[in-house]
Structure formats: structure tokens, C-alpha cells
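Undergrad: For reference, the file upload12.cif (mmCIF, C-alpha atoms and all ligand atoms) is included below:
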data_coords
#
loop_
_atom_site.group_PDB
_atom_site.id
_atom_site.type_symbol
_atom_site.label_atom_id
_atom_site.label_comp_id
_atom_site.auth_asym_id
_atom_site.auth_seq_id
_atom_site.Cartn_x
_atom_site.Cartn_y
_atom_site.Cartn_z
ATOM 1 C CA MET A 1 -37.859 1.551 -5.602
ATOM 2 C CA LYS A 2 -34.329 1.129 -6.867
ATOM 3 C CA PRO A 3 -31.695 3.473 -5.400
ATOM 4 C CA LYS A 4 -30.688 6.407 -7.577
ATOM 5 C CA ILE A 5 -27.051 6.534 -8.604
ATOM 6 C CA LEU A 6 -24.801 8.693 -10.765
ATOM 7 C CA ILE A 7 -22.299 7.106 -13.145
ATOM 8 C CA THR A 8 -20.099 10.052 -14.058
ATOM 9 C CA ARG A 9 -19.289 8.785 -17.546
ATOM 10 C CA GLU A 10 -20.673 5.917 -19.600
ATOM 11 C CA ILE A 11 -19.060 2.593 -18.692
ATOM 12 C CA LEU A 12 -19.049 -0.693 -20.650
ATOM 13 C CA PRO A 13 -22.505 -2.115 -21.534
ATOM 14 C CA GLU A 14 -22.170 -5.323 -19.493
ATOM 15 C CA ALA A 15 -21.646 -3.253 -16.325
ATOM 16 C CA LEU A 16 -24.552 -0.973 -17.234
ATOM 17 C CA ASP A 17 -26.828 -4.028 -17.658
ATOM 18 C CA TYR A 18 -25.895 -5.197 -14.191
ATOM 19 C CA LEU A 19 -26.475 -1.750 -12.691
ATOM 20 C CA LYS A 20 -29.829 -1.462 -14.449
ATOM 21 C CA GLU A 21 -31.055 -4.531 -12.564
ATOM 22 C CA HIS A 22 -30.153 -3.066 -9.192
ATOM 23 C CA THR A 23 -30.254 0.715 -9.512
ATOM 24 C CA ASP A 24 -31.912 3.636 -11.184
ATOM 25 C CA TYR A 25 -28.882 5.182 -12.838
ATOM 26 C CA GLU A 26 -28.076 8.444 -14.547
ATOM 27 C CA ILE A 27 -25.069 8.639 -16.845
ATOM 28 C CA GLY A 28 -23.321 11.989 -16.437
ATOM 29 C CA ALA A 29 -21.759 12.147 -19.898
ATOM 30 C CA THR A 30 -20.830 9.869 -22.764
ATOM 31 C CA LYS A 31 -17.758 10.971 -24.670
ATOM 32 C CA ARG A 32 -16.276 13.365 -22.129
ATOM 33 C CA ASN A 33 -15.516 13.746 -18.432
ATOM 34 C CA LEU A 34 -17.780 15.793 -16.157
ATOM 35 C CA THR A 35 -16.577 18.994 -14.555
ATOM 36 C CA LYS A 36 -16.696 19.232 -10.780
ATOM 37 C CA GLU A 37 -19.632 21.633 -11.025
ATOM 38 C CA GLU A 38 -21.536 19.133 -13.139
ATOM 39 C CA ILE A 39 -20.820 16.316 -10.694
ATOM 40 C CA ILE A 40 -22.109 18.469 -7.832
ATOM 41 C CA LYS A 41 -25.290 19.208 -9.777
ATOM 42 C CA LYS A 42 -25.937 15.657 -10.927
ATOM 43 C CA VAL A 43 -25.108 13.902 -7.650
ATOM 44 C CA GLN A 44 -27.986 15.663 -5.869
ATOM 45 C CA GLY A 45 -30.492 13.111 -4.568
ATOM 46 C CA LYS A 46 -28.231 10.151 -5.468
ATOM 47 C CA GLU A 47 -27.342 7.392 -3.002
ATOM 48 C CA GLY A 48 -24.479 5.998 -5.026
ATOM 49 C CA LEU A 49 -21.711 7.463 -7.158
ATOM 50 C CA LEU A 50 -19.669 5.455 -9.642
ATOM 51 C CA SER A 51 -16.631 7.610 -10.286
ATOM 52 C CA LEU A 52 -13.605 7.424 -12.544
ATOM 53 C CA LEU A 53 -10.059 8.419 -11.649
ATOM 54 C CA VAL A 54 -10.450 11.718 -13.515
ATOM 55 C CA ASP A 55 -13.355 12.794 -11.285
ATOM 56 C CA ASP A 56 -12.247 15.093 -8.513
ATOM 57 C CA ILE A 57 -14.421 13.930 -5.604
ATOM 58 C CA ASP A 58 -13.178 16.438 -3.069
ATOM 59 C CA LYS A 59 -14.586 17.878 0.153
ATOM 60 C CA GLU A 60 -16.861 20.242 -1.760
ATOM 61 C CA VAL A 61 -18.439 17.444 -3.808
ATOM 62 C CA ILE A 62 -18.834 15.198 -0.758
ATOM 63 C CA ASN A 63 -20.402 17.966 1.322
ATOM 64 C CA SER A 64 -22.817 18.815 -1.469
ATOM 65 C CA ALA A 65 -24.288 15.301 -1.488
ATOM 66 C CA PRO A 66 -26.043 14.528 1.802
ATOM 67 C CA SER A 67 -27.887 11.515 0.371
ATOM 68 C CA LEU A 68 -24.687 9.769 -0.769
ATOM 69 C CA LYS A 69 -23.930 6.402 0.856
ATOM 70 C CA ILE A 70 -21.161 5.027 -1.331
ATOM 71 C CA ILE A 71 -18.543 6.142 -3.854
ATOM 72 C CA ALA A 72 -17.334 3.260 -6.027
ATOM 73 C CA ASN A 73 -14.193 4.346 -7.848
ATOM 74 C CA CYS A 74 -13.516 2.488 -11.077
ATOM 75 C CA ALA A 75 -9.741 2.456 -10.508
ATOM 76 C CA VAL A 76 -7.285 0.910 -8.114
ATOM 77 C CA GLY A 77 -5.914 4.360 -7.195
ATOM 78 C CA TYR A 78 -8.263 6.569 -5.195
ATOM 79 C CA ASN A 79 -6.208 9.736 -4.814
ATOM 80 C CA ASN A 80 -9.035 11.556 -6.653
ATOM 81 C CA ILE A 81 -11.312 11.088 -3.618
ATOM 82 C CA ASP A 82 -11.069 12.905 -0.282
ATOM 83 C CA ILE A 83 -11.115 9.713 1.756
ATOM 84 C CA SER A 84 -11.012 11.369 5.182
ATOM 85 C CA GLU A 85 -13.955 13.620 4.332
ATOM 86 C CA ALA A 86 -15.934 10.630 3.043
ATOM 87 C CA LYS A 87 -15.147 8.729 6.233
ATOM 88 C CA LYS A 88 -16.243 11.698 8.347
ATOM 89 C CA LYS A 89 -19.572 11.722 6.544
ATOM 90 C CA GLY A 90 -19.990 7.940 6.838
ATOM 91 C CA ILE A 91 -19.767 7.464 3.047
ATOM 92 C CA LEU A 92 -18.199 4.178 1.937
ATOM 93 C CA VAL A 93 -15.415 4.307 -0.659
ATOM 94 C CA THR A 94 -14.351 1.343 -2.786
ATOM 95 C CA ASN A 95 -11.724 0.728 -5.482
ATOM 96 C CA THR A 96 -10.855 -2.006 -7.999
ATOM 97 C CA PRO A 97 -7.657 -3.735 -6.874
ATOM 98 C CA GLY A 98 -6.194 -6.881 -8.390
ATOM 99 C CA VAL A 99 -8.081 -6.974 -11.679
ATOM 100 C CA LEU A 100 -5.668 -4.634 -13.459
ATOM 101 C CA THR A 101 -2.406 -5.890 -11.986
ATOM 102 C CA GLU A 102 -1.231 -8.045 -14.905
ATOM 103 C CA THR A 103 -2.373 -5.593 -17.579
ATOM 104 C CA THR A 104 -0.523 -2.743 -15.887
ATOM 105 C CA ALA A 105 2.607 -4.867 -15.496
ATOM 106 C CA ASP A 106 2.402 -5.763 -19.205
ATOM 107 C CA LEU A 107 2.170 -2.104 -20.202
ATOM 108 C CA THR A 108 5.062 -1.259 -17.904
ATOM 109 C CA TRP A 109 7.146 -3.775 -19.794
ATOM 110 C CA ALA A 110 5.928 -2.414 -23.122
ATOM 111 C CA LEU A 111 7.159 1.020 -21.997
ATOM 112 C CA ILE A 112 10.493 -0.332 -20.791
ATOM 113 C CA MET A 113 11.047 -2.019 -24.156
ATOM 114 C CA ALA A 114 9.779 0.970 -26.137
ATOM 115 C CA VAL A 115 12.202 3.332 -24.400
ATOM 116 C CA ALA A 116 15.164 0.974 -24.257
ATOM 117 C CA ARG A 117 14.878 -0.070 -27.915
ATOM 118 C CA LYS A 118 13.557 3.273 -29.261
ATOM 119 C CA ILE A 119 10.531 1.549 -30.777
ATOM 120 C CA PRO A 120 8.324 4.649 -31.430
ATOM 121 C CA GLN A 121 11.235 6.507 -33.017
ATOM 122 C CA ALA A 122 12.136 3.525 -35.215
ATOM 123 C CA ASP A 123 8.506 3.122 -36.259
ATOM 124 C CA GLN A 124 8.278 6.785 -37.274
ATOM 125 C CA TYR A 125 11.553 6.512 -39.195
ATOM 126 C CA THR A 126 10.312 3.484 -41.098
ATOM 127 C CA ARG A 127 6.905 5.019 -41.882
ATOM 128 C CA ARG A 128 8.599 8.137 -43.204
ATOM 129 C CA LYS A 129 10.376 5.868 -45.693
ATOM 130 C CA LYS A 130 13.792 6.680 -44.260
ATOM 131 C CA PHE A 131 14.864 3.036 -44.067
ATOM 132 C CA LYS A 132 17.525 2.608 -46.731
ATOM 133 C CA GLY A 133 18.953 -0.684 -45.534
ATOM 134 C CA TRP A 134 20.565 -2.276 -42.509
ATOM 135 C CA GLU A 135 23.093 -0.170 -40.668
ATOM 136 C CA LEU A 136 25.401 -1.231 -37.858
ATOM 137 C CA ASP A 137 24.511 1.747 -35.719
ATOM 138 C CA LEU A 138 20.850 2.289 -36.584
ATOM 139 C CA PHE A 139 18.717 2.981 -33.485
ATOM 140 C CA LEU A 140 21.143 1.594 -30.991
ATOM 141 C CA GLY A 141 19.237 0.945 -27.812
ATOM 142 C CA LYS A 142 19.870 -0.273 -24.366
ATOM 143 C CA GLU A 143 20.292 -3.893 -23.368
ATOM 144 C CA ILE A 144 17.807 -5.132 -20.776
ATOM 145 C CA THR A 145 18.809 -8.736 -20.136
ATOM 146 C CA GLY A 146 20.937 -9.109 -17.034
ATOM 147 C CA LYS A 147 20.579 -5.483 -15.974
ATOM 148 C CA ARG A 148 19.456 -4.152 -12.580
ATOM 149 C CA LEU A 149 15.759 -3.316 -12.295
ATOM 150 C CA GLY A 150 14.735 -0.964 -9.479
ATOM 151 C CA ILE A 151 11.081 -1.178 -8.469
ATOM 152 C CA ILE A 152 9.706 1.656 -6.373
ATOM 153 C CA GLY A 153 6.555 0.358 -4.664
ATOM 154 C CA MET A 154 6.518 -3.422 -4.317
ATOM 155 C CA GLY A 155 2.768 -3.984 -4.093
ATOM 156 C CA ARG A 156 0.701 -6.139 -6.430
ATOM 157 C CA ILE A 157 1.818 -4.368 -9.607
ATOM 158 C CA GLY A 158 5.466 -4.049 -8.570
ATOM 159 C CA LYS A 159 5.544 -7.788 -7.885
ATOM 160 C CA ALA A 160 3.956 -8.608 -11.260
ATOM 161 C CA VAL A 161 6.613 -6.453 -12.947
ATOM 162 C CA ALA A 162 9.296 -8.339 -10.984
ATOM 163 C CA LEU A 163 7.985 -11.737 -12.122
ATOM 164 C CA ARG A 164 8.263 -10.639 -15.749
ATOM 165 C CA ALA A 165 11.795 -9.324 -15.109
ATOM 166 C CA GLN A 166 12.917 -12.824 -14.151
ATOM 167 C CA ALA A 167 12.467 -13.829 -17.794
ATOM 168 C CA PHE A 168 15.117 -11.211 -18.625
ATOM 169 C CA SER A 169 17.516 -12.561 -15.972
ATOM 170 C CA MET A 170 17.509 -9.186 -14.285
ATOM 171 C CA GLU A 171 18.804 -8.363 -10.858
ATOM 172 C CA ILE A 172 15.729 -7.050 -9.068
ATOM 173 C CA VAL A 173 15.893 -4.510 -6.258
ATOM 174 C CA TYR A 174 12.976 -2.721 -4.664
ATOM 175 C CA SER A 175 12.197 0.125 -2.334
ATOM 176 C CA ASP A 176 9.018 0.084 -0.281
ATOM 177 C CA PRO A 177 8.121 1.132 3.256
ATOM 178 C CA HIS A 178 6.927 -2.450 3.809
ATOM 179 C CA ARG A 179 9.669 -5.047 3.550
ATOM 180 C CA LEU A 180 8.610 -8.267 1.825
ATOM 181 C CA THR A 181 8.841 -11.479 3.832
ATOM 182 C CA PRO A 182 11.949 -13.611 3.136
ATOM 183 C CA GLU A 183 9.662 -16.070 1.265
ATOM 184 C CA GLU A 184 8.339 -13.265 -0.955
ATOM 185 C CA GLU A 185 11.839 -11.922 -1.585
ATOM 186 C CA GLU A 186 12.778 -15.431 -2.666
ATOM 187 C CA LYS A 187 9.709 -15.772 -4.910
ATOM 188 C CA TYR A 188 10.207 -12.412 -6.632
ATOM 189 C CA LYS A 189 14.020 -12.742 -6.534
ATOM 190 C CA ALA A 190 14.040 -9.184 -5.199
ATOM 191 C CA SER A 191 16.238 -7.504 -2.596
ATOM 192 C CA ALA A 192 15.253 -4.429 -0.602
ATOM 193 C CA LEU A 193 17.315 -1.272 -1.032
ATOM 194 C CA PRO A 194 16.978 2.231 0.387
ATOM 195 C CA LEU A 195 15.465 4.547 -2.262
ATOM 196 C CA ASP A 196 18.650 6.587 -2.782
ATOM 197 C CA LYS A 197 20.721 3.452 -3.328
ATOM 198 C CA LEU A 198 18.136 2.090 -5.755
ATOM 199 C CA LEU A 199 18.072 5.339 -7.730
ATOM 200 C CA SER A 200 21.845 5.597 -7.946
ATOM 201 C CA THR A 201 22.471 1.990 -9.004
ATOM 202 C CA ALA A 202 19.546 0.710 -11.122
ATOM 203 C CA ASP A 203 19.650 0.550 -14.931
ATOM 204 C CA ILE A 204 15.865 0.636 -15.227
ATOM 205 C CA ILE A 205 13.762 2.301 -12.528
ATOM 206 C CA THR A 206 10.016 1.748 -12.505
ATOM 207 C CA ILE A 207 7.467 3.344 -10.189
ATOM 208 C CA HIS A 208 4.508 1.383 -8.816
ATOM 209 C CA ALA A 209 3.678 3.253 -5.620
ATOM 210 C CA SER A 210 0.279 4.734 -4.869
ATOM 211 C CA LEU A 211 -0.078 8.513 -4.707
ATOM 212 C CA ASN A 212 -0.484 9.898 -1.197
ATOM 213 C CA PRO A 213 1.070 12.775 0.766
ATOM 214 C CA GLN A 214 4.179 10.637 1.432
ATOM 215 C CA THR A 215 4.762 9.837 -2.245
ATOM 216 C CA PHE A 216 3.956 13.276 -3.749
ATOM 217 C CA HIS A 217 7.210 14.301 -5.520
ATOM 218 C CA LEU A 218 8.953 11.281 -4.018
ATOM 219 C CA ILE A 219 11.082 11.501 -7.142
ATOM 220 C CA SER A 220 12.061 15.126 -6.589
ATOM 221 C CA ARG A 221 14.771 17.123 -8.371
ATOM 222 C CA GLU A 222 17.274 15.925 -5.751
ATOM 223 C CA LYS A 223 16.308 12.284 -6.269
ATOM 224 C CA ILE A 224 16.419 12.677 -10.053
ATOM 225 C CA ASN A 225 19.988 13.925 -9.625
ATOM 226 C CA LEU A 226 20.870 10.550 -8.095
ATOM 227 C CA ILE A 227 19.751 8.589 -11.190
ATOM 228 C CA ARG A 228 22.539 7.256 -13.401
ATOM 229 C CA LYS A 229 23.236 8.977 -16.723
ATOM 230 C CA ASP A 230 22.617 5.711 -18.581
ATOM 231 C CA ALA A 231 19.410 4.785 -16.715
ATOM 232 C CA VAL A 232 15.772 4.694 -17.747
ATOM 233 C CA LEU A 233 12.869 5.907 -15.593
ATOM 234 C CA ILE A 234 9.359 4.526 -16.082
ATOM 235 C CA ASN A 235 6.189 5.878 -14.456
ATOM 236 C CA ALA A 236 2.886 4.070 -14.981
ATOM 237 C CA ALA A 237 1.632 4.793 -11.450
ATOM 238 C CA ARG A 238 0.598 8.406 -10.792
ATOM 239 C CA GLY A 239 2.131 11.540 -12.309
ATOM 240 C CA PRO A 240 2.556 13.628 -9.164
ATOM 241 C CA ILE A 241 4.967 11.056 -7.705
ATOM 242 C CA VAL A 242 7.586 12.565 -10.037
ATOM 243 C CA ASP A 243 8.553 16.241 -10.295
ATOM 244 C CA GLU A 244 7.688 16.402 -14.008
ATOM 245 C CA LYS A 245 9.432 19.721 -14.672
ATOM 246 C CA ALA A 246 12.637 18.482 -13.070
ATOM 247 C CA LEU A 247 12.436 15.225 -15.047
ATOM 248 C CA ALA A 248 11.941 17.083 -18.325
ATOM 249 C CA LYS A 249 15.024 19.232 -17.566
ATOM 250 C CA ALA A 250 17.101 16.171 -16.717
ATOM 251 C CA LEU A 251 16.046 14.433 -19.944
ATOM 252 C CA GLU A 252 16.755 17.560 -21.976
ATOM 253 C CA LYS A 253 20.249 17.838 -20.521
ATOM 254 C CA GLY A 254 20.873 14.147 -21.160
ATOM 255 C CA GLN A 255 21.313 13.657 -17.438
ATOM 256 C CA ILE A 256 19.122 10.527 -17.734
ATOM 257 C CA TRP A 257 19.202 8.212 -20.776
ATOM 258 C CA GLY A 258 15.453 7.950 -21.241
ATOM 259 C CA ALA A 259 12.007 7.855 -19.705
ATOM 260 C CA GLY A 260 8.651 6.261 -20.360
ATOM 261 C CA LEU A 261 5.577 7.977 -18.976
ATOM 262 C CA ASP A 262 1.970 6.839 -18.915
ATOM 263 C CA VAL A 263 0.921 9.383 -16.288
ATOM 264 C CA TYR A 264 1.481 13.102 -15.706
ATOM 265 C CA GLU A 265 1.427 15.575 -12.884
ATOM 266 C CA LYS A 266 -1.549 17.615 -14.089
ATOM 267 C CA GLU A 267 -3.363 15.346 -16.543
ATOM 268 C CA PRO A 268 -4.299 15.932 -19.267
ATOM 269 C CA GLU A 269 -1.654 18.687 -19.336
ATOM 270 C CA ILE A 270 1.873 17.572 -20.023
ATOM 271 C CA GLU A 271 5.051 19.561 -19.429
ATOM 272 C CA THR A 272 5.583 21.135 -22.881
ATOM 273 C CA LYS A 273 9.296 20.416 -22.980
ATOM 274 C CA LEU A 274 8.605 16.679 -23.017
ATOM 275 C CA PHE A 275 6.899 16.820 -26.436
ATOM 276 C CA SER A 276 10.102 17.796 -28.211
ATOM 277 C CA LEU A 277 12.400 15.308 -26.511
ATOM 278 C CA ASP A 278 13.502 12.229 -28.373
ATOM 279 C CA ASN A 279 14.488 10.261 -25.268
ATOM 280 C CA VAL A 280 11.010 9.973 -23.783
ATOM 281 C CA VAL A 281 8.021 7.831 -24.744
ATOM 282 C CA LEU A 282 4.661 9.383 -23.845
ATOM 283 C CA LEU A 283 1.416 7.441 -23.441
ATOM 284 C CA PRO A 284 -2.085 8.731 -22.550
ATOM 285 C CA HIS A 285 -2.654 6.881 -19.211
ATOM 286 C CA ILE A 286 -3.494 3.503 -20.761
ATOM 287 C CA ALA A 287 -1.804 1.060 -18.385
ATOM 288 C CA SER A 288 -5.011 -0.860 -17.651
ATOM 289 C CA ALA A 289 -6.559 -0.294 -21.072
ATOM 290 C CA THR A 290 -7.524 -3.694 -22.427
ATOM 291 C CA TYR A 291 -11.161 -4.497 -23.022
ATOM 292 C CA GLU A 292 -11.034 -7.431 -20.599
ATOM 293 C CA THR A 293 -9.467 -5.432 -17.791
ATOM 294 C CA ARG A 294 -11.640 -2.351 -18.184
ATOM 295 C CA LEU A 295 -14.681 -4.649 -18.100
ATOM 296 C CA ARG A 296 -13.426 -6.362 -14.934
ATOM 297 C CA MET A 297 -12.853 -2.940 -13.357
ATOM 298 C CA ALA A 298 -16.318 -1.663 -14.308
ATOM 299 C CA MET A 299 -18.002 -4.844 -13.055
ATOM 300 C CA MET A 300 -16.066 -4.746 -9.811
ATOM 301 C CA ALA A 301 -16.969 -1.095 -9.221
ATOM 302 C CA ALA A 302 -20.615 -1.858 -10.049
ATOM 303 C CA ARG A 303 -20.711 -4.831 -7.654
ATOM 304 C CA ASN A 304 -19.079 -2.805 -4.879
ATOM 305 C CA LEU A 305 -21.670 -0.088 -5.388
ATOM 306 C CA VAL A 306 -24.612 -2.477 -5.247
ATOM 307 C CA GLN A 307 -23.249 -4.289 -2.192
ATOM 308 C CA GLY A 308 -22.854 -0.954 -0.377
ATOM 309 C CA LEU A 309 -26.353 0.196 -1.321
ATOM 310 C CA LYS A 310 -27.794 -3.090 -0.033
ATOM 311 C CA GLY A 311 -26.146 -2.446 3.322
ATOM 312 C CA GLU A 312 -23.601 -5.229 2.793
ATOM 313 C CA LYS A 313 -19.858 -4.728 3.272
ATOM 314 C CA PRO A 314 -18.453 -4.100 -0.221
ATOM 315 C CA GLU A 315 -15.720 -6.478 -1.308
ATOM 316 C CA ASN A 316 -13.169 -3.763 -1.996
ATOM 317 C CA LEU A 317 -13.747 -1.301 0.778
ATOM 318 C CA VAL A 318 -11.159 1.460 1.184
ATOM 319 C CA VAL A 319 -12.974 3.271 4.021
HETATM 320 C C1 LIG B 1 -5.397 3.429 -13.053
HETATM 321 O O1 LIG B 1 -4.632 4.311 -13.162
HETATM 322 C C2 LIG B 1 -6.023 2.999 -11.840
HETATM 323 O O2 LIG B 1 -5.718 3.529 -10.763
HETATM 324 O O3 LIG B 1 -6.884 2.102 -11.908
#
When written as C-alpha cells, how does the structure in this file appear?
TA:
Amino acid sequence: MKPKILITREILPEALDYLKEHTDYEIGATKRNLTKEEIIKKVQGKEGLLSLLVDDIDKEVINSAPSLKIIANCAVGYNNIDISEAKKKGILVTNTPGVLTETTADLTWALIMAVARKIPQADQYTRRKKFKGWELDLFLGKEITGKRLGIIGMGRIGKAVALRAQAFSMEIVYSDPHRLTPEEEEKYKASALPLDKLLSTADIITIHASLNPQTFHLISREKINLIRKDAVLINAARGPIVDEKALAKALEKGQIWGAGLDVYEKEPEIETKLFSLDNVVLLPHIASATYETRLRMAMMAARNLVQGLKGEKPENLVV
């Protein structure tokens, strides 16, 4: 008999075909996310759980599922899972690192450009038929070439963002608890800086850290106050790394030049003030959203799940 698993929300067909061969799956929902109560109900009797980053797999969910052997998260971040509780219960947890690195770095750059060159605003202006001819001061943006880029979190994605920055002849600085080796610093043309120094000197600041108790509100009100008045802040990592209310206030007061956000503190809620501000570009958490990448993520999560259920060590084991 194939092991029973729960896929919280329908994933791409290729990954479902693969899972059909190896498991007896139930799909929690198609066009919506499951509530925690629904996950608890549907995970009963399941050996595997394929979760998405929106699924809150906390202590309560884990304790309600005594038959569970593995949770395969279809995301590189796994802050939605209570890892220590899973470990206590001997449940394996996996994620999908690597396959979304380039796509996320691309989107980060799209956000940098969109904010710096006011692309969404200019698009709206043109669509509304307001374009009456070339003007010397129409949508004056911010130059990127040759500026200082500050990367907070120099892991896989931070490094991929740095490689792209070299094409813009930028000076790259980074802040990370783990210092790169001299060879890596050479490769990425990046120099380490303490966070405060990075915040107070960079023209463009971009966050690529993972969310954990150490990075929750890492960019607090106090840190936001260090950012230059002409700087841009980008967050395509996790919302709670930034104090969203404090950021909205700073943007409203013009204390920061602009921001680009793909993630929010309490998704899908967004600090209301942000909607009316012209100096922020808002995206609906799409950094890894290309068909190719989402397929790679779903396949990786599916393979991890099957490996774990077979008693093998999954390729992308977190705990
Ligand atoms: C996306 O946000 C991910 O963690 O995969």
C-alpha cells in the first residue's frame, strides 16, 4: 500500500504525477489556502505532508498528527514550521534550496529598477493618457550604476544579487553573521560591513536573510532611522524582518527615498498606509514565481517527501 499524504494545496501537474506513482495523496484545496483547523483535520492518518509557506505548521498541528513522518515544505524558507517541535517528535522537515536562487535575484533586480526608475508610476501615467510629450523632468529616478549596494544576508540569493550588481559597476557591501572567505569576497566583489554602517552608507539596501528569532525586526525603527534620505530599501526575503509600520512612517515622511516590497509582516495583510504612498512598489510575494522555478520547487519537495517516506535521507533535510 502506498503511504497516505496530504498536499495542502494543488501543486503543478508534473509533481502530482510523480507523487501519484509513490503515494496515495489527498489535495487539501485547489484555489485557496487551507486554514490551520482544516490542516489539522486533513492530516489525520497521513504519513507525509507537503506544505506551502502560507501553511502554519505549528506545535498544535504537529502534535495533532501522530502518524506524520515527514513535512516537505515547498519553499526555501521554513519559518512557517515549528522545527524544534518536529525534531522532538522525530518528524523530518525538508525545504527547496537552490532552485529559486536565480529567479529571486532576478525579481530583486526588477524591484530595484522599478523603484529607482518609478516604472509602475510611469506605466500608470502613460496608460491614463497623460503623456503629452517628452519633458526634461518627467519621472526623474535614481541612478543605479556605480552606486553602493548593501546586501543584508549574503547566502545563495544575496550572492546571486551581487553577481548581477557587478554588471552595474556597483560597490557591493554586505552584512552577514558569517563572513565570506577572501576568495568569495573576491568573486562577488563584496566587502563585509557592520549592519549599522551598511544601513547608513548604502544607496540601495536589499534584504536576503532568512527569518528566525535573530532576524525578526532586524530592520527596526532605530535601524530605519540610520538609512540615508536618498536610499532605497528592498525586501524580497520575509516581511517580519522589517518593522513594516516604522517603514511606512519613514516613507510617508520622506525619510527614505523609496522601497520595494515583495513580502509583508502579516501576509496577506499589508500596512494600510503603504497603499497610498507613491514612493513604494508593492508586489504579492512573487519572487520565485516563474513556471520553471515553481515546477522545480514542487518536484524537489515531492522528491524529498518520497525519499523520507522510503526511509532514505531526503536530499534537502532541514531537521
Ligand atoms: C519563498 O518565499 C520561499 O521561501 O521559497
Undergrad: Could you tell me which residues the PyMOL selection byres (((not hetatm)) within 10 of (chain B and resi 1)) returns for this structure, as a ChimeraX atom specification?
TA: /A:52-54,73-80,95-101,104,210-211,236-239,262-263,285-289,293-294,297
Undergrad: Using only C-alpha atoms, find the one residue out of A:Tyr125, A:Phe139, A:Trp109, A:Trp134 that sits nearest to Ala162 in chain A.
TA: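 Closest to Ala162 in chain A, using only C-alpha atoms: A:Trp109.
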Undergrad: Report as an NGL selection string the full result of the PyMOL selection byres (((chain A and resi 12) around 9) and not hetatm) when it is applied to this structure.
TA: :A and (10-11 or 13-17 or 294-295 or 298-299)
Undergrad: So which one's closest to Thr290 in chain A, A:Ala192, A:Leu107, A:Leu233, A:Val161? Using all atoms listed in the file, please.
TA: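 Answer, going by the shortest atom-to-atom distance: A:Leu107.
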Undergrad: Would you mind telling me which residue in A:Asp58, A:Pro177, A:Leu111, A:Ile224 lies nearest to Ala86 in chain A when using only C-alpha atoms?
TA: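 Once distances to Ala86 in chain A are computed over only C-alpha atoms, the minimum belongs to A:Asp58.
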Undergrad: Between CA of Val173 in chain A and CA of Asn235 in chain A, what distance in Å does the model show, to one decimal?
TA: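 These atoms are spaced 16.4 Å apart.
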Undergrad: Considering all atoms listed in the file, can you say which of A:Gln44, A:Thr8, A:Ser200, A:Gln307 comes closest to Ile256 in chain A?
TA: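 The closest residue to Ile256 in chain A is A:Ser200.
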Undergrad: Neighbours of Met154 in chain A within 6 Å (all atoms listed in the file; same-chain residues fewer than 4 positions away dropped), as a ChimeraX atom specification?
TA: /A:158-159,176
Undergrad: Got a sec to check which residues sit within 12 Å of (11.2, 1.0, -27.1), counting only C-alpha atoms, and write them as JSON, numbers by chain?
TA: {"A": [107, 108, 109, 110, 111, 112, 113, 114, 115, 116, 117, 118, 119, 120, 121, 122, 123, 139, 140, 141, 142, 143, 144, 232, 234, 258, 259, 260, 278, 279, 280, 281, 282]}
Undergrad: Take the PyMOL selection byres (((chain A and resi 170) around 7) and not hetatm), apply it to the structure above, and return the hits as a list in words.
TA: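 This file gives the following for the PyMOL selection byres (((chain A and resi 170) around 7) and not hetatm): Thr145, Gly146, Lys147, Arg148, Leu149, Ala165, Gln166, Phe168, Ser169, Glu171 and Ile172 of chain A.
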Undergrad: In Å, with one decimal, what is the gap from CA of Gly28 in chain A to CA of Thr103 in chain A?
TA: 27.4 Å
Undergrad: What separation in Å, quoted to one decimal, exists between CA of Val318 in chain A and CA of Ser191 in chain A?
TA: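 Between CA of Val318 in chain A and CA of Ser191 in chain A the gap works out to 29.1 Å.
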Undergrad: With distances taken over all atoms listed in the file, which of A:Lys36, A:Lys31, A:Lys59, A:Lys273 is nearest to Ser84 in chain A?
TA: A:Lys59
Undergrad: Within 10 Å of Ile70 in chain A, counting only C-alpha atoms, which residues qualify if same-chain residues fewer than 4 places away don't, as a list in words?
TA: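 Everything that qualifies: Ile5, Lys46, Glu47, Gly48, Leu49, Leu50, Ala86, Gly90, Ile91, Leu92, Val93, Thr94, Asn304, Leu305, Val306, Gln307, Gly308, Leu309, Pro314, Leu317 and Val319 of chain A.
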Undergrad: Show which residues sit within 8 Å of Asp24 in chain A, as a PDB file with C-alpha atoms, in the frame of the given file. Count only C-alpha atoms, and ignore same-chain residues fewer than 3 positions away.
TA:
ATOM      1  CA  LYS A   2     -34.329   1.129  -6.867  1.00  0.00           C
ATOM      2  CA  PRO A   3     -31.695   3.473  -5.400  1.00  0.00           C
ATOM      3  CA  LYS A   4     -30.688   6.407  -7.577  1.00  0.00           C
ATOM      4  CA  ILE A   5     -27.051   6.534  -8.604  1.00  0.00           C
ATOM      5  CA  LEU A  19     -26.475  -1.750 -12.691  1.00  0.00           C
ATOM      6  CA  LYS A  20     -29.829  -1.462 -14.449  1.00  0.00           C
TER       7      LYS A  20
END
Undergrad: Just checking: using only C-alpha atoms, which residue out of A:Ser64, A:Ser220, A:Ser175, A:Gln124 ends up closest to Glu38 in chain A?
TA: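 Looking only at the distances to Glu38 in chain A, the closest residue turns out to be A:Ser64.
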Undergrad: Kindly compute an axis-aligned box around the listed atoms of range 214-227 of chain A, allowing 5 Å on each side, and express its centre and edge lengths in Å to one decimal as AutoDock Vina command-line options.
TA:
--center_x 12.4 --center_y 12.9 --center_z -4.9 --size_x 26.9 --size_y 18.5 --size_z 22.6
Undergrad: Name the residues in contact with Lys245 in chain A at a cut-off of 12 Å, using only C-alpha atoms, excluding same-chain residues fewer than 5 positions from it; report them as a PyMOL selection string.
TA: chain A and resi 217+219-221+224+239-240+250-252+264-266+270-274
